[in-house]
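*Asks:* This is structure22.txt, which holds compact mmCIF, C-alpha atoms and all ligand atoms:
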# COMPACT_ATOMS: atom_id res chain seq x y z
CA MET T 19 84.93 -34.45 -8.97
CA ARG T 20 87.48 -36.83 -10.48
CA GLU T 21 91.11 -36.02 -9.66
CA VAL T 22 93.51 -35.57 -12.59
CA LYS T 23 97.19 -35.28 -11.79
CA VAL T 24 99.53 -33.47 -14.15
CA GLY T 25 103.30 -33.88 -14.31
CA LEU T 26 104.90 -30.75 -15.72
CA CYS T 27 108.29 -31.30 -17.40
CA GLY T 28 110.20 -28.12 -18.14
CA LEU T 29 109.89 -24.83 -16.28
CA GLY T 30 111.21 -22.39 -18.86
CA THR T 31 109.15 -19.66 -20.54
CA VAL T 32 106.15 -21.86 -21.37
CA GLY T 33 106.43 -24.15 -18.34
CA SER T 34 106.39 -21.22 -15.93
CA GLY T 35 103.42 -19.78 -17.85
CA VAL T 36 101.51 -23.06 -17.42
CA PHE T 37 102.36 -23.26 -13.72
CA ASN T 38 101.21 -19.69 -13.07
CA VAL T 39 98.03 -19.78 -15.17
CA VAL T 40 96.94 -23.08 -13.60
CA SER T 41 97.55 -21.61 -10.13
CA ARG T 42 95.66 -18.40 -10.98
CA ASN T 43 92.68 -19.87 -12.87
CA LEU T 44 92.34 -23.25 -11.18
CA ALA T 45 88.68 -22.86 -10.19
CA ALA T 46 87.60 -22.04 -13.76
CA ILE T 47 89.83 -24.77 -15.20
CA ASN T 48 88.29 -27.33 -12.84
CA ALA T 49 84.76 -26.16 -13.64
CA ARG T 50 85.43 -26.43 -17.37
CA SER T 51 87.04 -29.85 -17.20
CA ASN T 52 84.61 -31.12 -14.55
CA CYS T 53 87.70 -32.55 -12.83
CA GLN T 54 89.96 -31.56 -10.01
CA ILE T 55 93.22 -30.84 -11.79
CA SER T 56 96.51 -30.43 -9.96
CA ILE T 57 100.14 -30.08 -10.94
CA ALA T 58 101.28 -33.00 -8.85
CA GLN T 59 104.94 -32.97 -9.88
CA VAL T 60 107.30 -30.58 -11.66
CA GLY T 61 110.40 -31.90 -13.41
CA CYS T 62 112.94 -29.15 -14.10
CA ARG T 63 116.69 -28.62 -14.14
CA ARG T 64 116.36 -25.50 -12.02
CA ASP T 65 113.64 -23.46 -10.31
CA ASN T 66 112.14 -20.51 -12.13
CA ALA T 67 111.88 -17.27 -10.13
CA ALA T 68 108.67 -16.41 -12.03
CA CYS T 69 106.85 -19.21 -10.12
CA ASP T 70 105.99 -19.64 -6.45
CA LEU T 71 107.18 -23.23 -6.05
CA SER T 72 106.87 -23.33 -2.24
CA ALA T 73 104.13 -25.98 -2.35
CA ALA T 74 105.32 -27.76 -5.50
CA HIS T 75 106.70 -31.30 -5.62
CA ILE T 76 109.91 -30.78 -7.60
CA THR T 77 112.24 -33.34 -9.13
CA ARG T 78 115.40 -32.70 -11.15
CA ASP T 79 114.78 -35.95 -13.07
CA ILE T 80 112.07 -35.49 -15.69
CA PHE T 81 111.99 -39.25 -16.37
CA GLU T 82 110.83 -39.71 -12.78
CA VAL T 83 107.69 -37.76 -13.76
CA ALA T 84 107.06 -40.09 -16.73
CA LYS T 85 107.29 -43.11 -14.42
CA ASN T 86 105.39 -41.67 -11.47
CA PRO T 87 102.33 -43.94 -10.98
CA ASP T 88 100.27 -41.03 -9.60
CA ILE T 89 100.56 -38.93 -12.78
CA ASP T 90 97.79 -39.08 -15.42
CA ILE T 91 99.06 -36.50 -17.92
CA VAL T 92 102.71 -35.71 -18.69
CA VAL T 93 103.22 -32.20 -20.08
CA GLU T 94 106.42 -32.02 -22.16
CA LEU T 95 107.81 -28.48 -22.31
CA ILE T 96 111.52 -29.11 -22.50
CA GLY T 97 111.85 -28.72 -26.29
CA GLY T 98 114.23 -30.41 -28.73
CA THR T 99 113.79 -33.82 -30.29
CA THR T 100 116.13 -36.09 -28.34
CA VAL T 101 115.43 -36.03 -24.59
CA ALA T 102 111.87 -34.84 -25.32
CA TYR T 103 111.29 -37.86 -27.59
CA ASP T 104 112.59 -40.26 -24.91
CA LEU T 105 110.41 -38.55 -22.31
CA VAL T 106 107.23 -38.74 -24.41
CA MET T 107 107.81 -42.38 -25.36
CA LEU T 108 108.54 -43.29 -21.73
CA ALA T 109 105.40 -41.48 -20.60
CA LEU T 110 103.32 -43.45 -23.15
CA GLU T 111 104.98 -46.73 -22.11
CA ASN T 112 103.93 -45.90 -18.57
CA GLY T 113 100.32 -45.27 -19.60
CA LYS T 114 100.33 -41.47 -19.40
CA HIS T 115 98.52 -39.14 -21.76
CA VAL T 116 100.84 -36.49 -23.18
CA VAL T 117 100.47 -32.77 -23.84
CA THR T 118 103.31 -31.05 -25.66
CA ALA T 119 104.14 -27.65 -27.18
CA ASN T 120 106.98 -29.19 -29.19
CA LYS T 121 106.47 -28.60 -32.93
CA ALA T 122 109.85 -30.09 -33.94
CA LEU T 123 109.03 -33.27 -32.05
CA ILE T 124 105.56 -33.62 -33.60
CA ALA T 125 106.71 -32.67 -37.12
CA GLU T 126 109.66 -35.08 -37.07
CA HIS T 127 108.43 -37.95 -34.88
CA GLY T 128 104.67 -37.44 -34.72
CA GLY T 129 103.97 -40.54 -36.83
CA THR T 130 105.76 -42.83 -34.38
CA ILE T 131 104.40 -41.03 -31.33
CA PHE T 132 100.76 -41.12 -32.49
CA ALA T 133 101.06 -44.79 -33.46
CA GLN T 134 102.41 -45.60 -30.00
CA ALA T 135 99.65 -43.58 -28.32
CA GLU T 136 96.95 -45.24 -30.43
CA ALA T 137 98.29 -48.70 -29.69
CA ARG T 138 98.21 -47.98 -25.98
CA GLY T 139 94.86 -46.16 -25.92
CA LEU T 140 96.34 -42.80 -24.95
CA MET T 141 96.11 -39.21 -26.18
CA VAL T 142 98.92 -36.94 -27.40
CA CYS T 143 97.78 -33.32 -27.71
CA TYR T 144 99.82 -30.48 -29.22
CA GLU T 145 97.67 -27.36 -29.60
CA ALA T 146 100.52 -25.16 -28.33
CA ALA T 147 102.89 -26.48 -31.00
CA VAL T 148 101.41 -24.20 -33.67
CA ALA T 149 100.64 -20.49 -33.47
CA GLY T 150 100.95 -20.07 -29.70
CA GLY T 151 97.59 -19.16 -28.17
CA ILE T 152 95.48 -19.52 -31.35
CA PRO T 153 93.35 -22.71 -31.22
CA ILE T 154 94.18 -23.57 -34.84
CA ILE T 155 94.69 -27.31 -34.23
CA LYS T 156 91.23 -27.53 -32.69
CA ALA T 157 89.80 -25.46 -35.56
CA LEU T 158 91.31 -27.74 -38.22
CA ARG T 159 90.68 -31.05 -36.45
CA GLU T 160 87.18 -30.27 -35.22
CA GLY T 161 85.67 -26.94 -36.29
CA LEU T 162 86.34 -27.45 -40.01
CA SER T 163 85.79 -31.21 -40.10
CA ALA T 164 82.97 -30.89 -42.66
CA ASN T 165 85.25 -29.30 -45.26
CA ARG T 166 87.71 -30.16 -47.99
CA ILE T 167 90.51 -27.75 -47.21
CA ASN T 168 91.92 -26.14 -50.36
CA TRP T 169 94.73 -24.10 -48.89
CA LEU T 170 96.01 -22.43 -45.77
CA ALA T 171 98.47 -19.60 -45.45
CA GLY T 172 99.71 -17.94 -42.35
CA ILE T 173 102.14 -16.02 -40.27
CA ILE T 174 103.20 -18.86 -37.99
CA ASN T 175 106.36 -17.55 -36.39
CA GLY T 176 105.97 -14.70 -33.91
CA THR T 177 109.67 -13.82 -33.78
CA THR T 178 110.00 -13.20 -37.53
CA ASN T 179 106.74 -11.28 -37.60
CA PHE T 180 107.98 -9.12 -34.73
CA ILE T 181 111.26 -8.48 -36.57
CA LEU T 182 109.58 -7.67 -39.91
CA SER T 183 107.01 -5.38 -38.25
CA GLU T 184 109.68 -3.42 -36.41
CA MET T 185 111.84 -3.14 -39.57
CA ASP T 186 108.80 -1.98 -41.57
CA THR T 187 107.22 0.47 -39.15
CA LYS T 188 110.24 1.74 -37.20
CA GLY T 189 113.14 1.10 -39.59
CA ARG T 190 114.94 -0.88 -36.85
CA GLU T 191 117.94 -3.14 -37.48
CA PHE T 192 117.41 -6.91 -37.74
CA ALA T 193 119.89 -7.92 -34.99
CA ASP T 194 118.57 -5.35 -32.53
CA VAL T 195 114.95 -6.56 -32.91
CA LEU T 196 115.98 -10.21 -32.68
CA SER T 197 117.66 -9.53 -29.30
CA GLU T 198 114.44 -7.95 -28.06
CA ALA T 199 112.41 -10.97 -29.27
CA GLN T 200 114.78 -13.25 -27.35
CA ALA T 201 114.48 -11.14 -24.20
CA LYS T 202 110.68 -11.31 -24.46
CA GLY T 203 110.74 -15.12 -24.63
CA TYR T 204 109.41 -15.32 -28.22
CA ALA T 205 112.45 -16.88 -29.90
CA GLU T 206 113.45 -20.53 -29.88
CA ALA T 207 116.45 -21.65 -27.77
CA ASP T 208 118.37 -21.49 -31.06
CA PRO T 209 116.94 -18.37 -32.78
CA THR T 210 118.19 -19.51 -36.19
CA PHE T 211 115.17 -21.86 -36.05
CA ASP T 212 112.99 -18.72 -36.17
CA VAL T 213 114.86 -16.52 -38.64
CA GLU T 214 115.78 -19.33 -41.06
CA GLY T 215 112.16 -20.53 -41.22
CA ILE T 216 112.77 -23.93 -39.58
CA ASP T 217 110.27 -23.33 -36.76
CA ALA T 218 107.65 -22.24 -39.30
CA SER T 219 108.34 -25.31 -41.45
CA HIS T 220 107.72 -27.60 -38.46
CA LYS T 221 104.40 -25.83 -37.86
CA LEU T 222 103.40 -25.90 -41.52
CA ALA T 223 104.10 -29.65 -41.73
CA ILE T 224 101.71 -30.17 -38.80
CA LEU T 225 98.97 -27.95 -40.25
CA ALA T 226 99.24 -29.56 -43.69
CA SER T 227 99.08 -33.07 -42.26
CA ILE T 228 95.80 -32.29 -40.54
CA ALA T 229 94.38 -30.23 -43.42
CA PHE T 230 95.18 -32.79 -46.14
CA ALA T 231 95.19 -36.04 -44.11
CA MET T 232 98.79 -36.86 -45.01
CA PRO T 233 101.65 -38.24 -42.90
CA LEU T 234 103.74 -35.84 -40.82
CA SER T 235 106.94 -35.15 -42.74
CA LEU T 236 109.28 -32.32 -43.64
CA ASP T 237 110.25 -33.99 -46.95
CA GLY T 238 109.86 -31.65 -49.90
CA LEU T 239 108.88 -28.69 -47.72
CA PHE T 240 110.57 -25.59 -49.22
CA THR T 241 112.03 -23.39 -46.48
CA ASP T 242 113.50 -19.90 -46.66
CA GLY T 243 113.96 -17.48 -43.78
CA ILE T 244 114.24 -13.72 -43.45
CA THR T 245 118.00 -13.35 -43.03
CA GLN T 246 118.57 -12.44 -46.70
CA LEU T 247 115.83 -9.76 -46.72
CA GLU T 248 117.11 -6.25 -47.18
CA PRO T 249 115.47 -3.20 -45.57
CA GLN T 250 115.24 -1.62 -49.05
CA ASP T 251 112.92 -4.46 -50.16
CA VAL T 252 110.61 -3.78 -47.21
CA ALA T 253 110.50 -0.11 -48.32
CA TYR T 254 110.06 -0.84 -52.06
CA ALA T 255 107.27 -3.32 -51.28
CA ARG T 256 105.44 -0.56 -49.41
CA GLU T 257 105.88 1.79 -52.37
CA LEU T 258 104.18 -0.79 -54.56
CA GLY T 259 101.30 -1.24 -52.08
CA TYR T 260 102.55 -4.47 -50.49
CA VAL T 261 103.86 -5.65 -47.12
CA ILE T 262 106.49 -8.38 -46.69
CA LYS T 263 105.38 -11.16 -44.34
CA HIS T 264 107.02 -14.48 -43.58
CA LEU T 265 104.35 -17.00 -44.57
CA GLY T 266 103.81 -20.71 -44.39
CA ILE T 267 101.64 -21.84 -47.31
CA ALA T 268 100.07 -25.24 -48.00
CA ARG T 269 97.79 -25.80 -50.97
CA GLN T 270 96.40 -28.93 -52.58
CA SER T 271 95.53 -29.24 -56.25
CA ASP T 272 95.49 -31.92 -58.93
CA ALA T 273 99.24 -31.31 -59.38
CA GLY T 274 99.98 -32.25 -55.76
CA VAL T 275 100.57 -30.42 -52.50
CA GLU T 276 102.52 -27.17 -52.22
CA LEU T 277 104.39 -26.84 -48.94
CA ARG T 278 106.49 -23.71 -48.60
CA VAL T 279 107.75 -21.24 -46.04
CA HIS T 280 109.29 -17.99 -47.29
CA PRO T 281 109.10 -14.19 -47.17
CA THR T 282 106.11 -13.10 -49.24
CA LEU T 283 104.71 -9.83 -50.55
CA VAL T 284 101.01 -9.56 -49.67
CA PRO T 285 98.74 -6.67 -50.70
CA GLU T 286 98.61 -3.92 -48.07
CA ARG T 287 94.82 -4.15 -48.01
CA SER T 288 94.77 -7.89 -47.13
CA LEU T 289 93.89 -8.62 -43.51
CA ILE T 290 97.10 -10.57 -43.00
CA ALA T 291 99.16 -7.50 -43.95
CA GLY T 292 97.90 -5.80 -40.78
CA VAL T 293 99.04 -8.62 -38.47
CA ASN T 294 101.98 -7.14 -36.61
CA ASP T 295 104.35 -7.68 -33.69
CA VAL T 296 104.35 -11.17 -32.21
CA ALA T 297 100.87 -11.94 -33.54
CA ASN T 298 100.22 -14.91 -35.79
CA ALA T 299 97.34 -15.33 -38.22
CA ILE T 300 96.29 -18.28 -40.34
CA MET T 301 93.88 -18.09 -43.26
CA VAL T 302 92.15 -21.34 -44.14
CA ASN T 303 90.26 -21.69 -47.41
CA ALA T 304 87.82 -24.60 -47.51
CA ASP T 305 85.02 -25.67 -49.81
CA ALA T 306 82.03 -25.31 -47.52
CA VAL T 307 82.94 -22.45 -45.19
CA GLY T 308 84.98 -20.31 -47.62
CA THR T 309 87.91 -18.41 -46.12
CA THR T 310 88.36 -18.10 -42.36
CA LEU T 311 91.06 -16.20 -40.48
CA PHE T 312 92.46 -17.16 -37.07
CA TYR T 313 94.40 -14.44 -35.29
CA GLY T 314 96.18 -14.09 -31.95
CA PRO T 315 99.47 -14.06 -30.07
CA GLY T 316 101.87 -16.57 -31.60
CA ALA T 317 104.44 -16.85 -28.81
CA GLY T 318 105.13 -15.90 -25.22
CA ALA T 319 104.64 -17.54 -21.83
CA GLU T 320 100.94 -17.17 -21.07
CA PRO T 321 99.49 -17.26 -24.62
CA THR T 322 101.29 -20.58 -25.16
CA ALA T 323 100.29 -21.76 -21.69
CA SER T 324 96.67 -21.03 -22.62
CA ALA T 325 96.92 -23.64 -25.42
CA VAL T 326 98.75 -26.18 -23.24
CA ILE T 327 96.11 -25.93 -20.51
CA ALA T 328 93.27 -26.21 -23.04
CA ASP T 329 94.78 -29.57 -24.04
CA ILE T 330 95.02 -30.64 -20.39
CA VAL T 331 91.31 -29.76 -19.98
CA ASP T 332 90.40 -31.69 -23.16
CA VAL T 333 92.29 -34.78 -21.99
CA ALA T 334 90.90 -34.59 -18.45
CA ARG T 335 87.32 -34.37 -19.77
CA VAL T 336 87.43 -37.53 -21.88
CA MET T 337 90.28 -39.70 -20.59
CA ASP T 338 87.87 -42.11 -18.90
CA SER T 339 85.75 -42.55 -22.02
CA TYR T 340 86.22 -45.04 -24.85
CA PRO T 341 89.22 -44.06 -27.11
CA ASP T 342 87.10 -44.29 -30.27
CA SER T 343 85.27 -41.19 -29.04
CA TRP T 344 88.48 -39.13 -28.83
CA VAL T 345 89.64 -36.78 -31.58
CA PRO T 346 92.40 -38.67 -33.49
CA GLY T 347 95.94 -37.22 -33.51
CA LEU T 348 95.70 -35.79 -37.01
CA GLY T 349 91.95 -35.31 -36.90
CA CYS T 350 90.97 -38.40 -38.87
CA ASN T 351 91.18 -42.14 -38.62
CA SER T 352 94.82 -43.21 -39.06
CA SER T 353 93.85 -45.51 -41.96
CA ALA T 354 92.69 -42.41 -43.89
CA ILE T 355 96.15 -40.78 -43.69
CA GLN T 356 97.70 -41.15 -47.15
CA PRO T 357 101.02 -39.91 -48.58
CA ARG T 358 100.72 -37.13 -51.19
CA THR T 359 103.01 -35.85 -53.92
CA ILE T 360 104.78 -32.71 -52.72
CA MET T 361 105.32 -30.25 -55.57
CA ASP T 362 108.78 -29.01 -56.44
CA ILE T 363 109.05 -25.26 -55.77
CA GLU T 364 109.96 -24.79 -59.49
CA ASP T 365 106.45 -25.93 -60.43
CA VAL T 366 104.67 -23.63 -57.98
CA GLU T 367 102.91 -20.58 -59.41
CA THR T 368 103.11 -17.18 -57.70
CA GLY T 369 103.69 -13.56 -58.60
CA PHE T 370 107.23 -12.23 -58.15
CA TYR T 371 108.93 -9.07 -56.92
CA ILE T 372 112.32 -8.72 -58.63
CA ARG T 373 115.11 -6.27 -57.83
CA PHE T 374 118.37 -5.72 -59.67
CA SER T 375 120.92 -3.05 -60.37
CA ALA T 376 121.19 -1.87 -63.99
CA LEU T 377 123.07 0.79 -65.97
CA ASP T 378 120.96 3.90 -66.34
CA LYS T 379 120.95 4.14 -70.14
CA PRO T 380 118.42 3.76 -72.98
CA GLY T 381 117.49 0.22 -74.04
CA VAL T 382 118.24 -1.57 -70.76
CA LEU T 383 114.63 -1.90 -69.68
CA SER T 384 113.51 -3.00 -73.12
CA ASP T 385 116.11 -5.84 -73.00
CA VAL T 386 114.72 -6.90 -69.64
CA THR T 387 111.08 -6.72 -70.70
CA LYS T 388 111.89 -8.74 -73.84
CA ILE T 389 113.46 -11.47 -71.67
CA MET T 390 110.36 -11.51 -69.50
CA GLY T 391 108.08 -11.63 -72.54
CA ASP T 392 110.09 -14.49 -74.09
CA ALA T 393 109.69 -16.41 -70.82
CA GLY T 394 105.92 -15.85 -70.99
CA ILE T 395 105.92 -13.60 -67.93
CA SER T 396 103.77 -10.49 -67.92
CA ILE T 397 104.80 -7.45 -65.95
CA GLU T 398 102.38 -5.78 -63.55
CA ALA T 399 104.50 -2.87 -62.35
CA ILE T 400 108.00 -1.53 -62.80
CA ILE T 401 109.85 1.18 -60.88
CA GLN T 402 113.30 2.66 -61.30
CA ARG T 403 114.89 4.53 -58.43
CA GLU T 404 116.72 7.78 -58.96
CA GLN T 405 120.45 7.28 -58.49
CA PRO T 406 122.63 9.49 -56.27
CA ALA T 407 124.83 11.97 -58.22
CA GLY T 408 127.73 10.15 -59.90
CA GLU T 409 126.13 6.70 -59.60
CA ARG T 410 125.69 5.09 -63.04
CA TYR T 411 123.58 2.19 -61.82
CA VAL T 412 119.97 2.32 -60.65
CA ASN T 413 117.79 -0.11 -58.76
CA VAL T 414 115.04 -1.56 -60.94
CA ILE T 415 112.06 -3.23 -59.29
CA ILE T 416 109.59 -5.32 -61.27
CA LEU T 417 106.36 -6.93 -60.12
CA THR T 418 105.22 -9.84 -62.30
CA ASN T 419 101.91 -11.56 -62.75
CA VAL T 420 101.53 -15.15 -61.62
CA THR T 421 103.96 -17.54 -63.31
CA LYS T 422 105.73 -20.83 -62.61
CA GLU T 423 108.95 -20.39 -60.66
CA LYS T 424 110.94 -22.27 -63.30
CA PHE T 425 110.00 -19.61 -65.90
CA LEU T 426 111.05 -16.87 -63.52
CA ASN T 427 114.37 -18.65 -62.90
CA GLU T 428 115.01 -18.81 -66.66
CA ALA T 429 114.32 -15.09 -66.99
CA VAL T 430 116.55 -14.28 -64.00
CA THR T 431 119.45 -16.22 -65.55
CA HIS T 432 119.13 -14.25 -68.79
CA ILE T 433 118.80 -10.89 -67.01
CA GLU T 434 121.95 -11.62 -64.97
CA GLN T 435 123.80 -12.31 -68.25
CA LEU T 436 123.05 -8.80 -69.60
CA GLU T 437 126.18 -6.63 -69.64
CA THR T 438 124.11 -3.73 -68.41
CA VAL T 439 123.04 -5.57 -65.24
CA ARG T 440 125.36 -5.67 -62.23
CA GLY T 441 125.35 -8.52 -59.70
CA GLU T 442 122.52 -10.89 -58.88
CA VAL T 443 118.81 -10.48 -59.46
CA SER T 444 116.98 -11.01 -56.15
CA PHE T 445 113.34 -12.01 -55.97
CA ILE T 446 110.55 -12.47 -53.43
CA ARG T 447 107.32 -14.37 -54.07
CA VAL T 448 103.98 -12.53 -54.12
CA GLU T 449 100.65 -13.96 -52.93
CA TYR T 450 97.23 -12.36 -53.33
CA LEU T 451 95.43 -14.67 -50.86
CA ASP T 452 92.13 -14.13 -52.68
CA GLN T 453 92.43 -10.46 -51.68
CA VAL T 454 91.01 -11.28 -48.22
N1 LIG S 501 109.75 -19.16 -31.48
C1 LIG S 501 108.37 -19.36 -31.77
C2 LIG S 501 107.83 -18.13 -32.47
C3 LIG S 501 107.63 -19.60 -30.49
O1 LIG S 501 108.51 -17.09 -32.48
O2 LIG S 501 106.76 -18.19 -33.04
C4 LIG S 501 106.26 -20.13 -30.69
O3 LIG S 501 106.25 -21.34 -31.36
Please lay out the structure from this file as structure tokens.

*Replies:*
Amino acid sequence: MREVKVGLCGLGTVGSGVFNVVSRNLAAINARSNCQISIAQVGCRRDNAACDLSAAHITRDIFEVAKNPDIDIVVELIGGTTVAYDLVMLALENGKHVVTANKALIAEHGGTIFAQAEARGLMVCYEAAVAGGIPIIKALREGLSANRINWLAGIINGTTNFILSEMDTKGREFADVLSEAQAKGYAEADPTFDVEGIDASHKLAILASIAFAMPLSLDGLFTDGITQLEPQDVAYARELGYVIKHLGIARQSDAGVELRVHPTLVPERSLIAGVNDVANAIMVNADAVGTTLFYGPGAGAEPTASAVIADIVDVARVMDSYPDSWVPGLGCNSSAIQPRTIMDIEDVETGFYIRFSALDKPGVLSDVTKIMGDAGISIEAIIQREQPAGERYVNVIILTNVTKEKFLNEAVTHIEQLETVRGEVSFIRVEYLDQV
């Protein structure tokens, strides 16, 4: 069998997972790739106690791996977009194929990296960059290649899903659950990337580029995290028959492409509402196949390693064949990648969950419903919570039908101007996801 030598750069959570799974499953991996794969060099700042490195060839200089003439595939698992970018470009300059789990790198610099790889007749694979162990990149690039993709929507950050699930089912505090997610190796090095939605926006940009054949870019992508969510909203959503999930949504229509990441109410009966803990799930709606759902662990050492190694196997299988027979970086010929108009969030249509505090006296709700009616927004449900003794204000929760966000914003401004309403009106978008 042909020998394929891998240079592993980074021995953190994912790197150690790759090292251990390759060691454990090497016979099956070799049989599947029809090659003799070995981790010929490991570049890492320090050893990882989770790995038996006694027989490993270690260097503290990752750039040495990129220049090593024996290495066929450089695996970039160091994260970030500075040193990782230099490493990947150096590896390509030195004729190495690249496998990476780095969503920020692909989302921000993928265009340059793929162009460089194409010019040099090399592959850059990134299955592990999106949704951990779920083979969603392969599904979009290959499995759904017959389709026009209409939309995709998914839970694409394991840390936020873990936090929301624990808040919902166990009433736990945000900070406490985030610490546990960090300890379990789910969170990014900087966990604000998870909880502010930045990690999910990187992943959504990648998915949308493949789905809609458009350049990798974060421009116009609306991003909101979960830090402003209040436990009471999680509870009220349940009362109304909904669950709050942090979703990435991409949809194409004649008006352009919607790209948005934000907390979202989804009906309790939808499949995605039951996706809990660190799991991710992505629904893809396409013209020929209809709606498909891809589910699995979205973070963690070995689930992510599973995706990295699948890429190594894919590269090893075909690296000696003619590059035209390889799957292109974004799943289609680079000349077919065309920029698209990204819709302003104000023009996007969704349902809305609204909460505000209002004086408990006759006429207040009729003022509010008049404002909604004048804005052309119809109300689907309304609840008013009983106030504790002595409290003159009550929480009012309204669920609207689908409307443009700019109409909702107009209504919110007018509601906040009512003398009977105290403080700000908060809102969360609602998606029905075709009731799947
Ligand atoms: N921090 C990421 C998450 C890791 O929680 O989903 C996987 O990309």

*Asks:* Which residues form the shell of 6 Å around ligand LIG 501 (chain S) when you count only C-alpha atoms and all ligand atoms, given as a list of chain:residue names?

*Replies:*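 Taking only C-alpha atoms and all ligand atoms into account, the residues around ligand LIG 501 (chain S) at most 6 Å away are T:Gly150, T:Asn175, T:Gly176, T:Thr177, T:Tyr204, T:Ala205, T:Glu206, T:Asp212, T:Gly316, T:Ala317.
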
*Asks:* Please measure the separation of atom CA of T:Ile416 and atom CA of T:Phe370, giving the value in Å to one decimal.

*Replies:*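 One can read the atom CA of T:Ile416 to atom CA of T:Phe370 distance as 7.9 Å.
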
*Asks:* Using only C-alpha atoms, can you tell me which of T:Ala325, T:Glu398, T:Val331, T:Asp70 comes closest to T:Leu44?

*Replies:*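 For T:Leu44, the nearest of the candidates is T:Val331.
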
*Asks:* Nearest to T:Glu184 among T:Ile131, T:Leu377, T:Val252, T:Val345, with distances taken over all atoms listed in the file: which residue is it?

*Replies:*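 Among T:Ile131, T:Leu377, T:Val252, T:Val345, it is T:Val252 that comes nearest to T:Glu184.
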
*Asks:* Would you please work out which residue, of T:Cys27, T:Lys202, T:Thr178, T:Asn298, is nearest to T:Thr245 when using all atoms listed in the file?

*Replies:*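 Selected residue with least distance to T:Thr245: T:Thr178.
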
*Asks:* Of the candidates T:Val386, T:Ala393, T:Val40, T:Leu417, which shows the shortest atom-to-atom distance to T:Val439, using only C-alpha atoms?

*Replies:*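 Comparing T:Val386, T:Ala393, T:Val40, T:Leu417 against T:Val439, the winner is T:Val386.
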
*Asks:* Taking a cut-off of 9 Å and counting only C-alpha atoms, can you build a table that, for each residue of stretch 152-204 of chain T near stretch 217-225 of chain T, reports the nearest atom pair and how far apart they are in Å (one decimal), sorted by chain then residue number, as a tab-separated table?

*Replies:*
residue	atom	partner	partner_atom	distance
T:Ile154	CA	T:Leu225	CA	8.4
T:Ile155	CA	T:Leu225	CA	7.4
T:Leu158	CA	T:Leu225	CA	7.9
T:Leu170	CA	T:Leu225	CA	8.3
T:Ala171	CA	T:Leu222	CA	8.9
T:Gly172	CA	T:Leu222	CA	8.8
T:Ile173	CA	T:Ala218	CA	8.4
T:Ile174	CA	T:Ala218	CA	5.7
T:Asn175	CA	T:Ala218	CA	5.7

*Asks:* Could you pull out every residue with an atom within 10 Å of (95.0, -20.3, -24.1), file coordinates, counting all atoms listed in the file, and send them as a list in words?

*Replies:* Val36, Val39, Glu145, Ala146, Gly150, Gly151, Ile152, Pro153, Pro315, Glu320, Pro321, Thr322, Ala323, Ser324, Ala325, Val326, Ile327, Ala328 and Asp329 of chain T

*Asks:* T:Gln246, T:Thr77, T:Asn43, T:Asn86: which is nearest T:Val24, counting only C-alpha atoms?

*Replies:* T:Asn86

*Asks:* So the first atom is atom CA of T:Gln59 and the second is atom CA of T:Val117; what is the distance between them in Å, to one decimal place?

*Replies:* 14.7 Å

*Asks:* Which residue out of T:Gly391, T:Glu423, T:Ile433, T:His127 has the minimum interatomic distance to T:Phe374 when only C-alpha atoms are used?

*Replies:*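 The shortest atom-to-atom distance to T:Phe374 comes from T:Ile433.
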
*Asks:* Just to confirm, what's the straight-line distance from atom CA of T:Ser271 to atom CA of T:Thr368 in Å (one decimal)?

*Replies:* 14.3 Å

*Asks:* Give me, as a Markdown table, each residue of stretch 264-325 of chain T that comes within 6 Å of stretch 443-449 of chain T, together with its shortest interatomic pair and the distance in Å at one decimal, counting only C-alpha atoms, with rows ordered by chain and rising residue number.

*Replies:*
| residue | atom | partner | partner_atom | distance |
| --- | --- | --- | --- | --- |
| T:Thr282 | CA | T:Arg447 | CA | 5.1 |
| T:Leu283 | CA | T:Val448 | CA | 4.5 |
| T:Val284 | CA | T:Glu449 | CA | 5.5 |

*Asks:* Take the residues from that selection and write them out as a PDB file, keeping the file's coordinate frame, keeping C-alpha atoms.

*Replies:*
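Once everything was written out, this is result.pdb:
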ATOM      1  CA  THR T 282     106.110 -13.100 -49.240  1.00  0.00           C
ATOM      2  CA  LEU T 283     104.710  -9.830 -50.550  1.00  0.00           C
ATOM      3  CA  VAL T 284     101.010  -9.560 -49.670  1.00  0.00           C
TER       4      VAL T 284
END

*Asks:* Set out as JSON lines a contact list for stretch 275-343 of chain T and stretch 93-115 of chain T with a cut-off of 9 Å, giving each residue of stretch 275-343 of chain T that qualifies its closest atom pair and distance in Å to one decimal, counting all atoms listed in the file, ordered by chain and rising residue number.

*Replies:*
{"residue": "T:Val326", "atom": "CA", "partner": "T:Val93", "partner_atom": "CA", "distance": 8.1}
{"residue": "T:Ile330", "atom": "CA", "partner": "T:Val93", "partner_atom": "CA", "distance": 8.4}
{"residue": "T:Val333", "atom": "CA", "partner": "T:His115", "partner_atom": "CA", "distance": 7.6}
{"residue": "T:Met337", "atom": "CA", "partner": "T:His115", "partner_atom": "CA", "distance": 8.3}

*Asks:* Just the residues within 9 Å of T:Gly30, please, counting all atoms listed in the file, with nothing from its chain fewer than 3 positions along; format it as a CSV table (one decimal) with C-alpha atoms, in the coordinates of the input.

*Replies:*
chain,number,residue,atom,x,y,z
T,33,GLY,CA,106.4,-24.2,-18.3
T,34,SER,CA,106.4,-21.2,-15.9
T,35,GLY,CA,103.4,-19.8,-17.8
T,62,CYS,CA,112.9,-29.2,-14.1
T,65,ASP,CA,113.6,-23.5,-10.3
T,66,ASN,CA,112.1,-20.5,-12.1
T,95,LEU,CA,107.8,-28.5,-22.3
T,96,ILE,CA,111.5,-29.1,-22.5
T,319,ALA,CA,104.6,-17.5,-21.8
